[in-house]
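A.B. asks: Next up is a structure, given as structure tokens.
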Amino acid sequence: MKYDESSGLQKIRDCEQLLESNKSSDCQEYLFVTIFKAMEYMVGGCKAYALFKSGNLSGTKEILQTLPSCSEMSDKERSGIYGMKACAYMEYGINGNHKALEFINEARTRDPLMPDWHFLTSKIMG
């Protein structure tokens, strides 16, 4: 499968704009507030990958130097990374669901009070 760098980078820029516009919003939804740093981390990682695939090594290095270490994140924030991975793997059929279940179990372990992780677990298993 050929990777389309230009459309990939544009979608990532769209995600960056959404995150930036919501950074200063008054949204107090538990999921959003809890995993906001994880969403920034995932978008930054995706952008670094897209820049790397397009040959922009200096841009890749610049982003990777600004990404926080996962060890600096709280368990609740890290649960967001696992939850997002689970959502992505859910798109790949039964084999993806097996991997999604692993990730959502890790998300639930790190933040057992997050209702969204319990909902996704039932969705994956259903």
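In the structure tokens, each chain is lettered A, B, ... as it comes, each chain's residues begin at 1, and ligands are numbered from 1 in order of appearance.
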Need to verify the contact set: A:Met90, 8 Å, only C-alpha atoms, exclusion of same-chain residues closer than 6 positions in sequence. Can you return it as a compact mmCIF listing (two decimals) with N, CA and C atoms, in the first residue's frame?

C.D. replies:
# COMPACT_ATOMS: atom_id res chain seq x y z
N GLY A 96 -7.93 -7.55 14.33
CA GLY A 96 -7.74 -6.24 14.95
C GLY A 96 -8.43 -6.15 16.29
N ASN A 97 -9.60 -6.79 16.40
CA ASN A 97 -10.33 -6.76 17.67
C ASN A 97 -9.57 -7.47 18.78
N ALA A 100 -7.12 -4.94 19.77
CA ALA A 100 -7.85 -3.85 20.42
C ALA A 100 -8.21 -4.22 21.85
N ILE A 124 -15.99 -4.05 21.64
CA ILE A 124 -15.01 -4.94 21.02
C ILE A 124 -15.45 -6.39 21.16

A.B. asks: Please provide as a PyMOL selection string all residues within 10 Å of A:Gly59, with the sequence filter that same-chain residues fewer than 4 positions apart are discarded (counting only C-alpha atoms).

C.D. replies: chain A and resi 47-48+50-52+55+63-64

A.B. asks: Could you pull the residues within 6 Å of stretch 29-46 of chain A, counting only C-alpha atoms, minus those fewer than 6 positions along the same chain, as a ChimeraX atom specification?

C.D. replies: /A:77,80-81

A.B. asks: Would you mind writing down, as number ranges by chain, each residue of chain A that DSSP on the backbone assigns to helix (DSSP H, G or I)?

C.D. replies: A: 5-23, 30-53, 57-66, 70-72, 75-110, 115-125

A.B. asks: What gap, in Å, lies between atom CA of A:Thr109 and atom CA of A:Gly83?

C.D. replies: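 Separating atom CA of A:Thr109 from atom CA of A:Gly83 is a distance of 11.0 Å.
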
A.B. asks: Closest to A:Lys76 among A:Asp116, A:Asp111, A:Glu62, A:Glu106, using only C-alpha atoms?

C.D. replies: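 So, comparing all the options, the nearest one is A:Asp111.
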
A.B. asks: Can you tell me how far atom CA of A:Ser58 sits from atom CA of A:Lys23, in Å to one decimal?

C.D. replies: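 Going from atom CA of A:Ser58 over to atom CA of A:Lys23, I get 26.6 Å.
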
A.B. asks: So how far away is atom CA of A:Tyr49 from atom CA of A:Glu5, in Å?

C.D. replies: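 If I compute the distance from atom CA of A:Glu5 to atom CA of A:Tyr49, I get 9.7 Å.
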
A.B. asks: Tell me which of A:Gly126, A:Arg110, A:Glu20, A:Lys53 sits closest to A:Gly8, counting only C-alpha atoms.

C.D. replies: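 Closest to A:Gly8 of all the choices is A:Lys53.
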